[in-house]
Structure formats: C-alpha cells, structure tokens
file protein29.cif (mmCIF, C-alpha atoms and all ligand atoms)
data_final
loop_
_atom_site.label_atom_id
_atom_site.label_comp_id
_atom_site.auth_asym_id
_atom_site.auth_seq_id
_atom_site.Cartn_x
_atom_site.Cartn_y
_atom_site.Cartn_z
CA MET A 17 6.31 -2.22 -37.82
CA GLU A 18 2.83 -3.65 -37.64
CA ILE A 19 1.75 -5.32 -34.46
CA ALA A 20 -1.32 -7.45 -35.02
CA CYS A 21 -3.38 -8.75 -32.15
CA PRO A 22 -2.92 -12.53 -31.81
CA GLN A 23 -6.66 -13.01 -31.25
CA CYS A 24 -8.40 -10.81 -33.84
CA ALA A 25 -5.38 -10.50 -36.19
CA GLN A 26 -6.16 -6.78 -36.62
CA VAL A 27 -3.92 -3.81 -35.98
CA ASP A 28 -6.40 -0.92 -35.84
CA GLN A 29 -7.28 -1.28 -32.15
CA VAL A 30 -3.78 -2.12 -30.97
CA GLN A 31 -1.96 0.39 -28.84
CA SER A 32 1.20 0.15 -26.79
CA VAL A 33 0.49 -0.52 -23.12
CA PRO A 34 2.00 2.81 -21.91
CA ALA A 35 -0.14 4.71 -24.45
CA ALA A 36 -3.27 2.79 -23.50
CA PHE A 37 -2.54 3.43 -19.83
CA GLN A 38 -1.98 7.16 -20.32
CA GLY A 39 -4.93 7.47 -22.71
CA GLY A 40 -7.23 6.09 -20.03
CA GLN A 41 -6.36 8.81 -17.55
CA THR A 42 -8.11 12.13 -17.85
CA THR A 43 -7.48 15.13 -15.68
CA TYR A 44 -10.72 16.94 -15.07
CA ARG A 45 -11.77 20.11 -13.37
CA VAL A 46 -15.30 20.71 -12.19
CA GLN A 47 -16.51 24.21 -11.52
CA GLY A 48 -18.96 23.75 -8.72
CA GLY A 49 -21.90 25.89 -7.77
CA VAL A 50 -21.68 29.18 -5.92
CA THR A 51 -22.49 28.98 -2.23
CA ALA A 52 -23.48 31.92 -0.03
CA VAL A 53 -21.58 31.80 3.26
CA PRO A 54 -22.74 34.14 6.04
CA ALA A 55 -19.89 36.39 7.22
CA GLY A 56 -20.54 39.15 9.74
CA ASP A 57 -23.39 41.33 8.52
CA GLY A 58 -23.27 40.17 4.93
CA VAL A 59 -22.59 37.07 2.95
CA VAL A 60 -19.56 35.89 1.05
CA TYR A 61 -19.97 33.98 -2.17
CA ALA A 62 -17.65 31.02 -2.42
CA SER A 63 -17.33 28.84 -5.47
CA THR A 64 -16.13 25.28 -5.22
CA THR A 65 -13.80 23.77 -7.78
CA HIS A 66 -12.81 20.16 -7.85
CA ARG A 67 -9.85 18.70 -9.68
CA GLY A 68 -9.14 15.05 -10.13
CA VAL A 69 -7.92 12.29 -12.36
CA SER A 70 -10.48 9.93 -13.77
CA VAL A 71 -9.15 6.54 -14.71
CA THR A 72 -10.89 4.09 -16.99
CA ALA A 73 -11.08 0.45 -16.02
CA THR A 74 -8.57 -0.30 -18.79
CA ALA A 75 -6.02 2.16 -17.41
CA ALA A 76 -6.57 0.84 -13.90
CA ALA A 77 -5.99 -2.73 -15.10
CA LEU A 78 -2.79 -1.70 -16.91
CA ASN A 79 -1.38 0.29 -14.00
CA PRO A 80 2.16 -1.09 -13.48
CA TYR A 81 2.65 0.47 -10.07
CA PRO A 82 1.89 -1.78 -7.13
CA VAL A 83 -0.03 -0.52 -4.13
CA VAL A 84 2.65 0.07 -1.52
CA ARG A 85 1.35 0.21 2.01
CA GLY A 86 3.13 2.69 4.24
CA ALA A 87 5.07 1.62 7.31
CA GLY A 88 4.40 4.72 9.42
CA CYS A 89 1.29 3.32 11.11
CA LEU A 90 3.27 0.34 12.47
CA LEU A 91 5.91 2.66 13.94
CA THR A 92 3.16 4.80 15.48
CA VAL A 93 1.62 1.75 17.16
CA ALA A 94 5.04 0.63 18.47
CA LEU A 95 5.76 4.09 19.91
CA PHE A 96 2.26 4.38 21.33
CA LEU A 97 2.62 1.01 23.09
CA LEU A 98 5.76 2.28 24.82
CA ILE A 99 3.57 4.48 27.02
CA PRO A 100 1.71 1.64 28.81
CA ALA A 101 4.94 -0.42 28.76
CA PHE A 102 6.83 2.18 30.78
CA ALA A 103 3.78 2.77 32.98
CA PHE A 104 3.73 -0.96 33.82
CA VAL A 105 7.48 -0.90 34.56
CA SER A 106 7.18 1.98 36.98
CA PHE A 107 4.20 0.26 38.57
CA ALA A 108 6.18 -3.02 38.83
CA THR A 109 9.26 -1.39 40.36
CA GLY A 110 6.98 0.36 42.86
CA ALA A 111 5.18 -2.90 43.75
CA GLY A 112 8.48 -4.82 44.02
CA ALA A 113 9.58 -2.57 46.86
CA GLY A 114 6.93 -4.11 49.15
CA ASP A 115 7.46 -7.01 51.59
CA PRO A 116 9.01 -10.11 49.94
CA ALA A 117 6.99 -13.34 50.10
CA PRO A 118 8.11 -15.76 52.88
CA THR A 119 9.02 -18.72 50.62
CA ALA A 120 11.28 -18.92 47.55
CA GLY A 121 8.36 -20.23 45.42
CA GLY A 122 6.23 -17.37 46.65
CA ARG A 123 8.93 -14.87 45.70
CA VAL A 124 9.14 -16.35 42.18
CA GLY A 125 5.37 -16.12 41.84
CA GLN A 126 5.42 -12.58 43.16
CA LEU A 127 8.16 -11.63 40.69
CA ALA A 128 6.31 -13.27 37.77
CA GLY A 129 3.08 -11.54 38.76
CA THR A 130 4.78 -8.16 39.04
CA TRP A 131 6.63 -8.36 35.73
CA PHE A 132 3.97 -10.09 33.63
CA PHE A 133 2.34 -6.93 32.23
CA PRO A 134 5.64 -5.07 31.57
CA PHE A 135 6.94 -8.16 29.75
CA VAL A 136 3.80 -8.53 27.61
CA SER A 137 3.69 -4.83 26.73
CA PHE A 138 7.38 -4.75 25.72
CA ALA A 139 6.86 -7.92 23.69
CA LEU A 140 4.08 -6.09 21.79
CA VAL A 141 6.37 -3.07 21.25
CA ALA A 142 9.05 -5.41 19.88
CA LEU A 143 6.51 -7.18 17.66
CA PHE A 144 5.34 -3.93 16.03
CA ALA A 145 8.94 -2.70 15.69
CA VAL A 146 9.81 -5.93 13.83
CA LEU A 147 6.72 -5.58 11.62
CA PHE A 148 7.76 -1.99 10.88
CA VAL A 149 11.28 -3.04 9.80
CA LEU A 150 9.87 -5.89 7.68
CA ARG A 151 7.45 -3.48 5.96
CA LEU A 152 10.31 -1.02 5.25
CA ARG A 153 12.43 -3.79 3.76
CA ARG A 154 9.53 -5.08 1.66
CA ASN A 155 8.73 -1.59 0.34
CA ALA A 156 12.42 -1.01 -0.51
CA ARG A 157 12.47 -4.28 -2.45
CA ILE A 158 9.34 -3.26 -4.38
CA ARG A 159 10.91 0.11 -5.24
CA ARG A 160 14.10 -1.59 -6.46
CA GLY A 161 12.04 -3.83 -8.74
CA ILE A 162 9.96 -1.09 -10.35
CA PRO A 163 12.48 -0.19 -13.14
CA ASP A 164 12.63 -3.84 -14.29
CA ALA A 165 8.86 -4.12 -14.08
CA LEU A 166 8.43 -0.94 -16.16
CA ALA A 167 10.96 -2.13 -18.77
CA TYR A 168 8.87 -5.29 -19.25
CA TRP A 169 5.58 -3.37 -19.14
CA ARG A 170 6.67 -0.92 -21.89
CA GLN A 171 7.22 -3.72 -24.41
CA ALA A 172 3.63 -4.97 -24.24
CA TRP A 173 0.71 -4.14 -26.51
CA PHE A 174 -2.97 -3.78 -25.74
CA CYS A 175 -5.84 -4.61 -28.10
CA HIS A 176 -8.90 -2.48 -27.35
CA ARG A 177 -11.13 -4.80 -29.39
CA CYS A 178 -10.23 -7.91 -27.42
CA GLY A 179 -9.33 -6.20 -24.15
CA GLY A 180 -6.14 -8.19 -23.78
CA VAL A 181 -2.41 -7.70 -23.63
CA PHE A 182 0.19 -9.42 -25.77
CA PHE A 183 3.85 -9.38 -26.68
CA PRO A 184 4.94 -9.61 -30.32
CA ARG A 185 4.61 -13.27 -31.40
CA GLY A 186 2.98 -14.09 -28.06
CA GLU A 187 -0.49 -15.14 -26.92
CA LEU A 188 -3.20 -12.74 -25.82
CA MET A 189 -3.54 -12.57 -22.05
CA SER A 190 -5.91 -10.79 -19.69
CA ALA A 191 -4.83 -7.50 -18.12
CA ALA A 192 -4.86 -9.19 -14.70
CA ALA A 193 -2.52 -11.97 -15.89
CA PHE A 194 -0.29 -9.34 -17.49
CA ARG A 195 -0.15 -7.43 -14.23
CA GLY A 196 1.03 -10.55 -12.45
CA GLN A 197 3.79 -10.91 -15.07
CA VAL A 198 4.82 -7.26 -14.60
CA TRP A 199 5.14 -7.86 -10.86
CA ARG A 200 7.14 -11.03 -11.51
CA ALA A 201 9.46 -9.04 -13.82
CA GLY A 202 10.04 -6.66 -10.91
CA ASP A 203 10.63 -9.68 -8.65
CA TYR A 204 8.02 -8.53 -6.14
CA ALA A 205 4.98 -10.59 -7.17
CA GLY A 206 5.15 -12.53 -3.91
CA LEU A 207 5.24 -9.37 -1.82
CA ILE A 208 1.95 -7.89 -3.00
CA ARG A 209 -1.39 -8.90 -1.66
CA ARG A 210 -3.82 -9.23 -4.54
CA ARG A 211 -7.03 -7.33 -4.19
ZN ZN A 301 -7.64 -8.05 -30.77
#
call {"tool": "encode", "arguments": {"input": "protein29.cif", "output": "structure tokens", "more": "lines below"}}
Ligand SMILES: [Zn+2]
result
Amino acid sequence: MEIACPQCAQVDQVQSVPAAFQGGQTTYRVQGGVTAVPAGDGVVYASTTHRGVSVTATAAALNPYPVVRGAGCLLTVALFLLIPAFAFVSFATGAGAGDPAPTAGGRVGQLAGTWFFPFVSFALVALFAVLFVLRLRRNARIRRGIPDALAYWRQAWFCHRCGGVFFPRGELMSAAAFRGQVWRAGDYAGLIRRR
C-alpha cells in the first residue's frame, strides 16, 4: 500500500503518525564531569549522570496525550482552608456566649457579625471541594476518551517534507489542527485548555 502525501504527491517522506511520534523521541544519557566533594579529611569524587528524553518539535506536535492537570492541589487547598474555618467557628461560639444585644435587630446584627467569617471560610472550603470533584470528573472523562483518540491517531500519516498530517484520500492538515481532531475523537476537546 502506497500512501502519497496529498500536497507533494510523494511517498518517500511519509511515515505513519505513531512512527513519526516515536522516531522524534530520543532517550539520552549524559555522563557529566567528575566533581570533588570534601568529606572528612579527604575528598570524594562524584560523577554526575543525567538521563532524559529529548523530543523534537514534530514529536511534540504529534503527541496524542493531553496535558491532564492533577486534582490534588485543589483538595489540599480545601483541607488547608478547614483550619481557619474551624478556628473562626470556635471563636464565634466563644464570642456568642457574651451578653446578648438589648434589641432583636441588635441580636440579628450581632449574630451576623459573629458568624460572617465562619460562613465565608466554609463557603471557600465548599468551593474548592466542588472544584476538586469537577477536576476529578473531567480527568476521568479524558482518560475514558484516550482509547478512541489513539485509535483515530494511529490511522493518520505524517509527511516530513510538508510537515503536515493526512488521512488516506484526505487533505493535508497542520499538526495543531490534527491534534484538535484527535481530542475531538476522544470527545474531550472542550475539556482541554489550549496552550
Ligand atoms: Zn508532502
């Protein structure tokens, strides 16, 4: 089967998208210099080695995996906000034990004043808890869509001469446009903030 690029009509620079993606990732290992570290009376020689994956711009553009932002930070904020919330409650219950205001309106104002900060702080806790649940649900939906997105992604071809992606008998499109289509195939295009 010959897959010719719809723009240059050549086959020599055409590669399947998964192959082009993998080909653009190189694992490298750098043997760093030797450093003398003072230890006791003598010195210890330590060598530094660095490992990493270098990704070409092409591979980065063809990456089918969306950036999924973790939800843990939102939960941390919610839990952290519980501390001042409970502090305000204990303060409010302590203040409420004082003399009641002489009039009914004064008592309402007193009550509102006492419970304003506990209410606001618990509202913030609830807000971050809701954001946390929404983030979890969004991430779960992205994960569910990844197999469909990958199935679509695998069928595409990349022309290294033109720098575009195409499907057999289709038009050439930019890698960015293709990425949008991959996300749509996974049904999570609307959930990802483009960067
Ligand atoms: Zn081409």
call {"tool": "closest_atom_pairs", "arguments": {"input": "protein29.cif", "of": "chain A", "to": "ligand ZN 301 (chain A)", "cutoff": "7 Å", "atoms": "only C-alpha atoms and all ligand atoms", "output": "Markdown table"}}
result
| residue | atom | partner | partner_atom | distance |
| --- | --- | --- | --- | --- |
| A:Cys21 | CA | A:ZN301 | ZN | 4.5 |
| A:Pro22 | CA | A:ZN301 | ZN | 6.6 |
| A:Gln23 | CA | A:ZN301 | ZN | 5.1 |
| A:Cys24 | CA | A:ZN301 | ZN | 4.2 |
| A:Ala25 | CA | A:ZN301 | ZN | 6.4 |
| A:Gln26 | CA | A:ZN301 | ZN | 6.2 |
| A:Gln29 | CA | A:ZN301 | ZN | 6.9 |
| A:Cys175 | CA | A:ZN301 | ZN | 4.7 |
| A:His176 | CA | A:ZN301 | ZN | 6.7 |
| A:Arg177 | CA | A:ZN301 | ZN | 5.0 |
| A:Cys178 | CA | A:ZN301 | ZN | 4.2 |
call {"tool": "closest_residue", "arguments": {"input": "protein29.cif", "among": "A:Ala55, A:Ala75, A:Leu98, A:Ala205", "to": "Ala35 of chain A", "atoms": "only C-alpha atoms"}}
result
A:Ala75
call {"tool": "residues_around", "arguments": {"input": "protein29.cif", "residues": "segment 149-151 of chain A", "least_positions_apart": "5", "cutoff": "12 Å", "atoms": "all atoms listed in the file", "output": "list of chain:residue names"}}
result
A:Val84, A:Arg85, A:Gly86, A:Ala87, A:Gly88, A:Cys89, A:Leu90, A:Leu91, A:Ala94, A:Ala142, A:Leu143, A:Phe144, A:Ala156, A:Arg157, A:Ile158, A:Leu207, A:Ile208
call {"tool": "write_last_selection", "arguments": {"input": "protein29.cif", "atoms": "C-alpha atoms", "output": "PDB file, in the frame of the given file"}}
result
ATOM      1  CA  VAL A  84       2.650   0.070  -1.520  1.00  0.00           C
ATOM      2  CA  ARG A  85       1.350   0.210   2.010  1.00  0.00           C
ATOM      3  CA  GLY A  86       3.130   2.690   4.240  1.00  0.00           C
ATOM      4  CA  ALA A  87       5.070   1.620   7.310  1.00  0.00           C
ATOM      5  CA  GLY A  88       4.400   4.720   9.420  1.00  0.00           C
ATOM      6  CA  CYS A  89       1.290   3.320  11.110  1.00  0.00           C
ATOM      7  CA  LEU A  90       3.270   0.340  12.470  1.00  0.00           C
ATOM      8  CA  LEU A  91       5.910   2.660  13.940  1.00  0.00           C
ATOM      9  CA  ALA A  94       5.040   0.630  18.470  1.00  0.00           C
ATOM     10  CA  ALA A 142       9.050  -5.410  19.880  1.00  0.00           C
ATOM     11  CA  LEU A 143       6.510  -7.180  17.660  1.00  0.00           C
ATOM     12  CA  PHE A 144       5.340  -3.930  16.030  1.00  0.00           C
ATOM     13  CA  ALA A 156      12.420  -1.010  -0.510  1.00  0.00           C
ATOM     14  CA  ARG A 157      12.470  -4.280  -2.450  1.00  0.00           C
ATOM     15  CA  ILE A 158       9.340  -3.260  -4.380  1.00  0.00           C
ATOM     16  CA  LEU A 207       5.240  -9.370  -1.820  1.00  0.00           C
ATOM     17  CA  ILE A 208       1.950  -7.890  -3.000  1.00  0.00           C
TER      18      ILE A 208
END
call {"tool": "atom_distance", "arguments": {"input": "protein29.cif", "atom1": "atom CA of Met189 of chain A", "atom2": "atom CA of Glu18 of chain A"}}
result
19.1 Å
call {"tool": "atom_distance", "arguments": {"input": "protein29.cif", "atom1": "atom CA of Leu95 of chain A", "atom2": "atom CA of Val83 of chain A"}}
result
25.2 Å
call {"tool": "closest_residue", "arguments": {"input": "protein29.cif", "among": "A:Leu147, A:Val93, A:Leu127, A:Ala20", "to": "Thr109 of chain A", "atoms": "all atoms listed in the file"}}
result
A:Leu127
call {"tool": "atom_distance", "arguments": {"input": "protein29.cif", "atom1": "atom CA of Thr64 of chain A", "atom2": "atom CA of Tyr44 of chain A"}}
result
14.0 Å
call {"tool": "closest_residue", "arguments": {"input": "protein29.cif", "among": "A:Pro116, A:Ser32, A:Ala108, A:Arg159", "to": "Thr130 of chain A", "atoms": "all atoms listed in the file"}}
result
A:Ala108
call {"tool": "closest_residue", "arguments": {"input": "protein29.cif", "among": "A:Val105, A:Leu152, A:Ala165, A:Ala120", "to": "Phe138 of chain A", "atoms": "all atoms listed in the file"}}
result
A:Val105
call {"tool": "residues_near_point", "arguments": {"input": "protein29.cif", "point": "(-0.8, -0.3, -15.0)", "cutoff": "9 Å", "atoms": "all atoms listed in the file", "output": "PyMOL selection string"}}
result
chain A and resi 33-34+37+74-82+169+191+195+198
call {"tool": "closest_residue", "arguments": {"input": "protein29.cif", "among": "A:Trp131, A:Trp173, A:Tyr204, A:Trp199", "to": "Ala103 of chain A", "atoms": "only C-alpha atoms"}}
result
A:Trp131
call {"tool": "closest_residue", "arguments": {"input": "protein29.cif", "among": "A:Pro163, A:Gly39, A:Pro100, A:Gly121", "to": "Ser137 of chain A", "atoms": "all atoms listed in the file"}}
result
A:Pro100
